[in-house]
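coords-v6.cif follows; it contains mmCIF, C-alpha atoms and all ligand atoms.
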data_work
loop_
_atom_site.group_PDB
_atom_site.id
_atom_site.type_symbol
_atom_site.label_atom_id
_atom_site.label_comp_id
_atom_site.auth_asym_id
_atom_site.auth_seq_id
_atom_site.Cartn_x
_atom_site.Cartn_y
_atom_site.Cartn_z
ATOM 1 C CA LYS V 1 -244.716 -115.445 88.523
ATOM 2 C CA ASP V 2 -242.800 -116.468 91.619
ATOM 3 C CA ARG V 3 -245.152 -118.418 93.851
ATOM 4 C CA ASP V 4 -242.380 -119.084 96.364
ATOM 5 C CA GLY V 5 -241.659 -115.433 97.105
ATOM 6 C CA LEU V 6 -242.981 -115.525 100.667
ATOM 7 C CA GLY V 7 -240.492 -118.225 101.723
ATOM 8 C CA ALA V 8 -237.656 -115.712 101.940
ATOM 9 C CA TYR V 9 -239.211 -113.841 104.860
ATOM 10 C CA THR V 10 -239.295 -116.772 107.272
ATOM 11 C CA ALA V 11 -235.957 -118.120 106.002
ATOM 12 C CA ASP V 12 -234.110 -114.894 106.857
ATOM 13 C CA PRO V 13 -236.357 -112.379 108.649
ATOM 14 C CA PHE V 14 -233.550 -109.900 109.327
ATOM 15 C CA ALA V 15 -232.781 -109.487 105.626
ATOM 16 C CA HIS V 16 -236.122 -107.874 104.793
ATOM 17 C CA GLU V 17 -237.391 -104.410 105.584
ATOM 18 C CA ARG V 18 -240.977 -105.600 105.121
ATOM 19 C CA VAL V 19 -240.662 -107.814 108.208
ATOM 20 C CA ILE V 20 -242.194 -105.806 111.047
ATOM 21 C CA PHE V 21 -242.327 -108.542 113.701
ATOM 22 C CA ASN V 22 -240.383 -111.763 114.251
ATOM 23 C CA ASN V 23 -240.530 -114.431 116.963
ATOM 24 C CA ASP V 24 -240.068 -118.212 117.316
ATOM 25 C CA THR V 25 -243.327 -119.120 115.605
ATOM 26 C CA SER V 26 -243.947 -116.449 112.939
ATOM 27 C CA VAL V 27 -243.017 -113.322 111.113
ATOM 28 C CA ILE V 28 -245.422 -110.503 110.330
ATOM 29 C CA ILE V 29 -244.758 -108.685 107.063
ATOM 30 C CA GLN V 30 -246.127 -105.884 104.963
ATOM 31 C CA ASP V 31 -247.879 -107.128 101.826
ATOM 32 C CA MET V 32 -245.913 -105.985 98.760
ATOM 33 C CA PHE V 33 -249.109 -105.231 96.827
ATOM 34 C CA PRO V 34 -251.479 -104.067 99.591
ATOM 35 C CA LYS V 35 -255.161 -104.289 98.623
ATOM 36 C CA SER V 36 -256.281 -101.857 101.336
ATOM 37 C CA SER V 37 -254.662 -98.986 103.219
ATOM 38 C CA VAL V 38 -253.072 -101.335 105.775
ATOM 39 C CA HIS V 39 -252.404 -104.932 104.696
ATOM 40 C CA LEU V 40 -250.200 -107.337 106.666
ATOM 41 C CA LEU V 41 -249.440 -111.049 106.296
ATOM 42 C CA VAL V 42 -248.688 -113.477 109.129
ATOM 43 C CA LEU V 43 -246.272 -116.202 108.020
ATOM 44 C CA PRO V 44 -245.792 -119.181 110.353
ATOM 45 C CA LYS V 45 -242.313 -120.689 110.605
ATOM 46 C CA SER V 46 -243.792 -124.207 110.744
ATOM 47 C CA GLU V 47 -242.449 -127.128 108.713
ATOM 48 C CA ARG V 48 -246.065 -127.464 107.609
ATOM 49 C CA ASN V 49 -245.983 -124.120 105.815
ATOM 50 C CA LEU V 50 -245.937 -125.608 102.320
ATOM 51 C CA LEU V 51 -249.147 -127.572 102.877
ATOM 52 C CA HIS V 52 -252.475 -126.205 101.690
ATOM 53 C CA PRO V 53 -253.963 -124.193 104.594
ATOM 54 C CA PHE V 54 -256.898 -126.627 104.939
ATOM 55 C CA VAL V 55 -254.349 -129.380 105.651
ATOM 56 C CA ALA V 56 -251.795 -127.287 107.551
ATOM 57 C CA PHE V 57 -254.415 -126.114 110.047
ATOM 58 C CA GLU V 58 -255.325 -129.681 110.982
ATOM 59 C CA ASP V 59 -252.436 -129.283 113.443
ATOM 60 C CA PRO V 60 -253.963 -127.744 116.599
ATOM 61 C CA GLU V 61 -250.624 -126.437 117.832
ATOM 62 C CA LEU V 62 -249.919 -124.545 114.610
ATOM 63 C CA LEU V 63 -253.469 -123.217 114.589
ATOM 64 C CA ALA V 64 -253.169 -122.003 118.201
ATOM 65 C CA ASP V 65 -249.791 -120.351 117.536
ATOM 66 C CA ILE V 66 -250.960 -118.559 114.424
ATOM 67 C CA LYS V 67 -254.113 -117.292 116.138
ATOM 68 C CA VAL V 68 -251.932 -115.577 118.736
ATOM 69 C CA GLU V 69 -249.888 -113.891 116.001
ATOM 70 C CA VAL V 70 -252.986 -112.882 114.031
ATOM 71 C CA GLU V 71 -254.269 -111.120 117.178
ATOM 72 C CA ARG V 72 -250.919 -109.355 117.410
ATOM 73 C CA ALA V 73 -251.116 -108.344 113.742
ATOM 74 C CA LYS V 74 -254.671 -107.064 114.243
ATOM 75 C CA LYS V 75 -253.429 -104.752 116.991
ATOM 76 C CA MET V 76 -250.642 -103.558 114.703
ATOM 77 C CA VAL V 77 -253.150 -102.795 111.944
ATOM 78 C CA ALA V 78 -255.479 -101.039 114.402
ATOM 79 C CA ASN V 79 -252.608 -98.894 115.695
ATOM 80 C CA GLU V 80 -251.599 -97.986 112.176
ATOM 81 C CA LEU V 81 -255.190 -97.041 111.260
ATOM 82 C CA ARG V 82 -255.408 -94.910 114.372
ATOM 83 C CA ARG V 83 -252.104 -93.254 113.485
ATOM 84 C CA LYS V 84 -253.245 -92.598 109.903
ATOM 85 C CA TYR V 85 -256.845 -91.580 110.448
ATOM 86 C CA GLY V 86 -257.496 -91.162 114.164
ATOM 87 C CA LYS V 87 -258.438 -87.878 115.736
ATOM 88 C CA LEU V 88 -256.536 -87.074 118.917
ATOM 89 C CA SER V 89 -258.585 -87.690 122.024
ATOM 90 C CA LYS V 90 -258.577 -84.991 124.743
ATOM 91 C CA SER V 91 -256.052 -86.869 126.852
ATOM 92 C CA GLU V 92 -253.627 -87.086 123.911
ATOM 93 C CA GLN V 93 -253.682 -83.398 123.022
ATOM 94 C CA PRO V 94 -250.516 -81.506 123.859
ATOM 95 C CA ARG V 95 -250.123 -80.996 127.598
ATOM 96 C CA ILE V 96 -249.490 -77.277 127.194
ATOM 97 C CA GLN V 97 -253.155 -76.699 126.430
ATOM 98 C CA ALA V 98 -254.169 -78.189 129.773
ATOM 99 C CA ARG V 99 -253.558 -74.878 131.599
ATOM 100 C CA ASP V 100 -256.372 -73.091 129.823
ATOM 101 C CA ALA V 101 -258.674 -76.036 129.361
ATOM 102 C CA ASP V 102 -261.765 -76.733 131.413
ATOM 103 C CA GLU V 103 -261.597 -79.441 134.023
ATOM 104 C CA PRO V 104 -261.237 -82.673 132.067
ATOM 105 C CA PRO V 105 -264.273 -84.929 132.259
ATOM 106 C CA ASP V 106 -263.867 -87.952 134.549
ATOM 107 C CA VAL V 107 -264.706 -90.362 131.760
ATOM 108 C CA LEU V 108 -263.150 -89.648 128.390
ATOM 109 C CA PRO V 109 -265.256 -90.563 125.358
ATOM 110 C CA PRO V 110 -264.031 -93.886 123.990
ATOM 111 C CA GLY V 111 -261.960 -93.553 120.821
ATOM 112 C CA ARG V 112 -262.958 -95.335 117.645
ATOM 113 C CA ASP V 113 -262.568 -99.110 117.835
ATOM 114 C CA TRP V 114 -260.313 -99.733 114.832
ATOM 115 C CA MET V 115 -260.201 -103.466 115.632
ATOM 116 C CA LYS V 116 -263.712 -103.622 114.161
ATOM 117 C CA GLU V 117 -262.409 -102.327 110.804
ATOM 118 C CA ILE V 118 -260.111 -105.293 110.199
ATOM 119 C CA ILE V 119 -260.646 -108.486 108.197
ATOM 120 C CA THR V 120 -258.496 -111.614 108.543
ATOM 121 C CA GLY V 121 -258.279 -115.003 106.892
ATOM 122 C CA ILE V 122 -256.730 -117.191 104.229
ATOM 123 C CA HIS V 123 -257.688 -117.506 100.585
ATOM 124 C CA ALA V 124 -259.451 -120.798 99.795
ATOM 125 C CA VAL V 125 -257.022 -121.138 96.884
ATOM 126 C CA PRO V 126 -253.875 -119.173 97.720
ATOM 127 C CA SER V 127 -251.716 -117.905 94.877
ATOM 128 C CA MET V 128 -248.562 -117.965 97.011
ATOM 129 C CA ASN V 129 -247.207 -121.315 98.206
ATOM 130 C CA HIS V 130 -246.076 -120.476 101.748
ATOM 131 C CA LEU V 131 -248.788 -120.470 104.410
ATOM 132 C CA HIS V 132 -249.946 -116.915 105.123
ATOM 133 C CA VAL V 133 -252.852 -115.213 106.843
ATOM 134 C CA HIS V 134 -254.132 -111.842 105.616
ATOM 135 C CA VAL V 135 -254.730 -109.164 108.269
ATOM 136 C CA MET V 136 -255.938 -105.912 106.733
ATOM 137 C CA SER V 137 -258.250 -102.956 106.971
ATOM 138 C CA ARG V 138 -261.542 -103.748 105.297
ATOM 139 C CA GLU V 139 -262.040 -100.628 103.157
ATOM 140 C CA MET V 140 -260.122 -101.894 100.093
ATOM 141 C CA TYR V 141 -258.714 -98.514 99.112
ATOM 142 C CA SER V 142 -255.446 -99.090 97.240
ATOM 143 C CA ASP V 143 -253.730 -98.461 93.907
ATOM 144 C CA HIS V 144 -252.952 -102.181 93.840
ATOM 145 C CA LEU V 145 -256.648 -103.083 93.757
ATOM 146 C CA LYS V 146 -256.960 -103.444 89.997
ATOM 147 C CA ARG V 147 -259.055 -106.486 89.118
ATOM 148 C CA SER V 148 -262.447 -107.496 90.436
ATOM 149 C CA ALA V 149 -260.882 -110.715 91.727
ATOM 150 C CA HIS V 150 -258.657 -108.616 93.982
ATOM 151 C CA TYR V 151 -261.777 -107.257 95.670
ATOM 152 C CA ASN V 152 -263.888 -110.399 95.621
ATOM 153 C CA SER V 153 -261.135 -112.583 97.045
ATOM 154 C CA PHE V 154 -261.464 -110.581 100.282
ATOM 155 C CA HIS V 155 -265.183 -109.785 100.365
ATOM 156 C CA THR V 156 -266.757 -113.157 99.540
ATOM 157 C CA PRO V 157 -266.528 -116.568 101.299
ATOM 158 C CA PHE V 158 -263.282 -117.054 99.342
ATOM 159 C CA LEU V 159 -261.644 -115.432 102.390
ATOM 160 C CA VAL V 160 -261.824 -118.082 105.115
ATOM 161 C CA PRO V 161 -261.422 -116.844 108.713
ATOM 162 C CA LEU V 162 -259.215 -118.863 111.075
ATOM 163 C CA GLU V 163 -262.182 -119.569 113.362
ATOM 164 C CA LYS V 164 -263.434 -122.025 110.707
ATOM 165 C CA PHE V 165 -260.463 -124.352 111.253
ATOM 166 C CA PRO V 166 -259.937 -127.244 111.530
ATOM 167 C CA LEU V 167 -262.450 -128.053 108.786
ATOM 168 C CA ALA V 168 -264.600 -131.180 108.998
ATOM 169 C CA LYS V 169 -264.153 -133.675 106.126
ATOM 170 C CA ASP V 170 -267.477 -132.634 104.604
ATOM 171 C CA ASP V 171 -267.273 -128.906 105.359
ATOM 172 C CA PRO V 172 -268.661 -127.008 102.327
ATOM 173 C CA ILE V 173 -265.838 -124.465 102.733
ATOM 174 C CA ARG V 174 -263.614 -127.090 101.073
ATOM 175 C CA LEU V 175 -265.554 -126.453 97.839
ATOM 176 C CA VAL V 176 -265.381 -122.642 97.924
ATOM 177 C CA GLY V 177 -262.309 -122.582 95.702
ATOM 178 C CA HIS V 178 -264.197 -124.413 92.945
ATOM 179 C CA GLY V 179 -267.043 -121.927 93.032
ATOM 180 C CA PRO V 180 -267.562 -118.884 90.789
ATOM 181 C CA TRP V 181 -266.405 -116.416 93.476
ATOM 182 C CA HIS V 182 -264.207 -114.391 91.080
ATOM 183 C CA THR V 183 -267.017 -113.746 88.612
ATOM 184 C CA VAL V 184 -269.647 -112.687 91.126
ATOM 185 C CA ASP V 185 -270.858 -109.070 91.125
ATOM 186 C CA LEU V 186 -268.871 -106.357 92.864
ATOM 187 C CA VAL V 187 -270.893 -105.454 95.955
ATOM 188 C CA CYS V 188 -269.771 -102.543 98.137
ATOM 189 C CA TRP V 189 -268.778 -103.779 101.612
ATOM 190 C CA ARG V 190 -270.104 -100.558 103.161
ATOM 191 C CA CYS V 191 -273.395 -99.608 101.444
ATOM 192 C CA LYS V 192 -274.055 -103.002 99.728
ATOM 193 C CA ARG V 193 -274.618 -101.318 96.351
ATOM 194 C CA ASN V 194 -274.095 -103.706 93.419
ATOM 195 C CA PHE V 195 -271.671 -102.568 90.684
ATOM 196 C CA GLY V 196 -271.910 -105.675 88.531
ATOM 197 C CA ASN V 197 -268.533 -106.086 86.849
ATOM 198 C CA LYS V 198 -267.899 -102.334 86.457
ATOM 199 C CA MET V 199 -264.537 -102.208 88.192
ATOM 200 C CA ALA V 200 -263.588 -98.655 87.115
ATOM 201 C CA LYS V 201 -266.860 -97.247 88.436
ATOM 202 C CA PHE V 202 -266.546 -99.319 91.588
ATOM 203 C CA LYS V 203 -263.019 -97.996 92.236
ATOM 204 C CA VAL V 204 -264.334 -94.425 92.172
ATOM 205 C CA HIS V 205 -267.016 -95.470 94.652
ATOM 206 C CA LEU V 206 -264.491 -97.208 96.942
ATOM 207 C CA ALA V 207 -262.477 -93.977 97.078
ATOM 208 C CA GLU V 208 -265.591 -92.060 98.183
ATOM 209 C CA GLU V 209 -266.447 -94.715 100.756
ATOM 210 C CA HIS V 210 -262.861 -94.647 102.044
ATOM 211 C CA ASP V 211 -263.142 -90.920 102.558
ATOM 212 C CA GLU V 212 -266.301 -91.241 104.651
ATOM 213 C CA TRP V 213 -265.197 -94.379 106.451
ATOM 214 C CA LYS V 214 -261.951 -92.893 107.706
ATOM 215 C CA ARG V 215 -263.883 -89.967 109.262
ATOM 216 C CA GLU V 216 -266.720 -92.021 110.786
HETATM 217 P P1 LIG V 301 -252.840 -115.150 98.295
HETATM 218 O O1 LIG V 301 -253.758 -114.916 97.181
HETATM 219 O O2 LIG V 301 -251.810 -116.212 98.023
HETATM 220 O O3 LIG V 301 -253.578 -115.415 99.585
HETATM 221 O O4 LIG V 301 -252.080 -113.783 98.551
HETATM 222 C C1 LIG V 301 -250.691 -113.621 98.436
HETATM 223 C C2 LIG V 301 -250.357 -112.225 98.901
HETATM 224 O O5 LIG V 301 -248.942 -112.062 98.886
HETATM 225 C C3 LIG V 301 -250.929 -111.141 98.003
HETATM 226 O O6 LIG V 301 -251.679 -110.243 98.820
HETATM 227 C C4 LIG V 301 -249.705 -110.478 97.381
HETATM 228 O O7 LIG V 301 -249.875 -109.089 97.210
HETATM 229 C C5 LIG V 301 -248.603 -110.793 98.357
HETATM 230 N N1 LIG V 301 -247.268 -110.940 97.793
HETATM 231 C C6 LIG V 301 -246.934 -111.568 96.628
HETATM 232 N N2 LIG V 301 -245.584 -111.607 96.484
HETATM 233 C C7 LIG V 301 -245.064 -110.984 97.577
HETATM 234 C C8 LIG V 301 -243.725 -110.725 98.005
HETATM 235 O O8 LIG V 301 -242.731 -111.085 97.363
HETATM 236 N N3 LIG V 301 -243.574 -110.055 99.187
HETATM 237 C C9 LIG V 301 -244.640 -109.638 99.932
HETATM 238 N N4 LIG V 301 -244.376 -108.978 101.068
HETATM 239 N N5 LIG V 301 -245.911 -109.881 99.559
HETATM 240 C C10 LIG V 301 -246.120 -110.549 98.404
HETATM 241 ZN ZN ZN V 302 -270.760 -98.161 99.024
#

Take the structure in the file and give it back as structure tokens.
Ligand code: 5GP
Ligand code: ZN
Amino acid sequence: KDRDGLGAYTADPFAHERVIFNNDTSVIIQDMFPKSSVHLLVLPKSERNLLHPFVAFEDPELLADIKVEVERAKKMVANELRRKYGKLSKSEQPRIQARDADEPPDVLPPGRDWMKEIITGIHAVPSMNHLHVHVMSREMYSDHLKRSAHYNSFHTPFLVPLEKFPLAKDDPIRLVGHGPWHTVDLVCWRCKRNFGNKMAKFKVHLAEEHDEWKRE
């Protein structure tokens, strides 16, 4: 397995179709094996990007830069969710209908806040060597979600949000990677039902939850 595969995107952003944003500090890419319906990665262009994230994020400048790009990626994910699943609000419906429509209300009902449906963070023990932050929808509906570890690595403390950094020397988060996170029970993020280690059954359930979630 190639653990250096993410290096190519920052080395030559223009060579890759998966790169959807590029600036001086970072690129934002599409995950090649998305674990939910929208799954992006933010890759900093820092010379610190081969350090473990706990060490890399000791640099306040890098941390500040990446937080800006994670916010950008969150908006990209939210827009994509809205495009995929959103219902058109009154103001977005084709103009032609306006002739026959009633007077529009002064205050339009607020659309769904897709920003609330997004999770972000780094894995306590990343499998890929180049520093990357996950920014993804939280429903975990994907053909690439095959093993229980795929689910649990995003819905347990194994996913560490950027707000936790920089970590104190004695922060217990430093020990998360040694814990039994990948053998813990599968617990539905939405209804909290426990599926033990029954991944096949859980996948069926996640599909049902996805269906309701997208229409909330
Ligand atoms: P980690 O467990 O290291 O935090 O996650 C690495 C992520 O990189 C995984 O979500 C995986 O699907 C993704 N990934 C692995 N190889 C590639 C690749 O070559 N290109 C892209 N775009 N994503 C990759
Ligand atoms: Zn559920």

Practice task
Pull out every residue that the PyMOL selection byres (((chain V and resi 41) around 9) and not hetatm) matches in the shown coordinates and put them as a PyMOL selection string.
Solution key: chain V and resi 27-31+39-40+42-43+70+73+132-136

Practice task
Give as a PyMOL selection string the residues surrounding ligand LIG 301 (chain V) up to a distance of 9 Å, considering all atoms listed in the file.
Solution key: chain V and resi 1-9+18-19+29-35+39-41+121-134+144+150+153+159

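Counting from CA of Thr10 in chain V, the distance to CA of Tyr141 in chain V is 27.9 Å.
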
Exercise for the section: Would you mind listing the residues within 9 Å of ligand ZN 302 (chain V), counting all atoms listed in the file, as a PyMOL selection string? Expected result: chain V and resi 187-194+202+205-206+208-209

Handout entry: Distance criterion (only C-alpha atoms): nearest to Asn79 in chain V out of V:Leu145, V:Met115, V:Ala207, V:Ile20
Key = V:Met115

Exercise for the section: Just the residues within 8 Å of Glu58 in chain V, please, counting all atoms listed in the file, with nothing from its chain fewer than 6 positions along; format it as a ChimeraX atom specification. Expected result: /V:165-167

Output for the residues just chosen: C-alpha atoms as a PDB file, keeping the file's coordinate frame:
ATOM      1  CA  PHE V 165    -260.463-124.352 111.253  1.00  0.00           C
ATOM      2  CA  PRO V 166    -259.937-127.244 111.530  1.00  0.00           C
ATOM      3  CA  LEU V 167    -262.450-128.053 108.786  1.00  0.00           C
TER       4      LEU V 167
END

Problem - the PyMOL selection byres (((chain V and resi 68) around 12) and not hetatm) resolved against shown file, as an NGL selection string - result: :V and (23 or 25-28 or 42 or 44 or 61-67 or 69-75 or 133 or 162)

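The gap separating CA of Val38 in chain V from CA of Ser137 in chain V is 5.6 Å, in Å to one decimal.
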